[in-house]
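Data block below; observations after.
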Amino acid sequence: MNLMGTGIWGVAFSVVNARMRKLLKRLVATPMRKRDYLLAHIFSRLGFLVIETIVVVTFGWLVFDVGVNGSLATFAVLCVIGGIAFTGIGLLISSRARTIEAVSGMANLVMMPMWICSGVFFSYERFPDSIKPFIRVLPLTALNDALRLVMNDAASIASIAPQLAVLAAWAILTFLVGLKIFRWQ
């Protein structure tokens with residue numbers, strides 16, 4: 001859930017804040033392409049995501065004795081791809097929003113179904129079978145399922161390939177759509 005929150009809120013708020021302060025209007029006059037600007041936001045968020053993940057996992061290990069049974073490399077790859085997927089969603093949200101209030105509402109609208117359905121607070125297995133396929137393609141569900149497999153069952157990267165595919169699809173699709181609809185002003 002931390003990866004989702006930081007990815008979505010971090011990118012969405014910083015882009016819209018720059019838009020509100022008329023910084024994006026100034027950047028349009030530079031030779032920088034919007035793709036480069038948006039990728040810079042995504043990669044800067046990844047830096048924070050790495051630090052947050054290390055802190056949360058270390059805290060869980062020291063205080064609650066919860067370790068990562070699987071490969072740390074697999075865990076890291078999963079966190080990075082998950083982080084990119086959520087920063088892509090944040091980018092998509094901020095592509096047209098003009099105010100912090102609009103971003104806040106849209107981000108909550110996007111995140112609330114994932115909080116409820118993705119197995120963060122309770123298992124999604126209790127939902128009707130007819131909606132489980134939709135729940136499984138939510139990025140937070142894919143990330144939660146894969147993290148549990150790696151941390152608890154020492155799953156390999158091949159074992160979590162379906163979840164990685166879902167996360168990669170979200171990352172690519174949201175970035176491309178966000179890039180397409182992004183406006184400097």
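Letters A, B, ... mark the chains of the structure tokens in the order given; residue numbers begin at 1 per chain; ligand numbers begin at 1, in order shown.
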
Would you list, as an NGL selection string, the residues of chain A that end up in helix (DSSP H, G or I) under DSSP run on this structure's backbone? :A and (2-20 or 23-27 or 34-64 or 72-94 or 100-117 or 124-126 or 132-136 or 139-153 or 161-181)

Between A:Ile131, A:Ala18, A:Ile157, A:Cys79, single out the one closest to Met1 (chain A), counting only C-alpha atoms.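 Result for the nearest residue to Met1 (chain A): A:Cys79.
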
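Distance-wise, CA of Ile116 (chain A) and CA of Ala142 (chain A) end up 14.1 Å apart.
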
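Proximity to Ile172 (chain A) was assessed for A:Phe134, A:Phe86, A:Phe75, A:Tyr37 counting only C-alpha atoms; the smallest distance is recorded for A:Phe86.
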
What does the distance between CA of Phe13 (chain A) and CA of Val103 (chain A) come to in Å, to one decimal place?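 One can read the CA of Phe13 (chain A) to CA of Val103 (chain A) distance as 6.9 Å.
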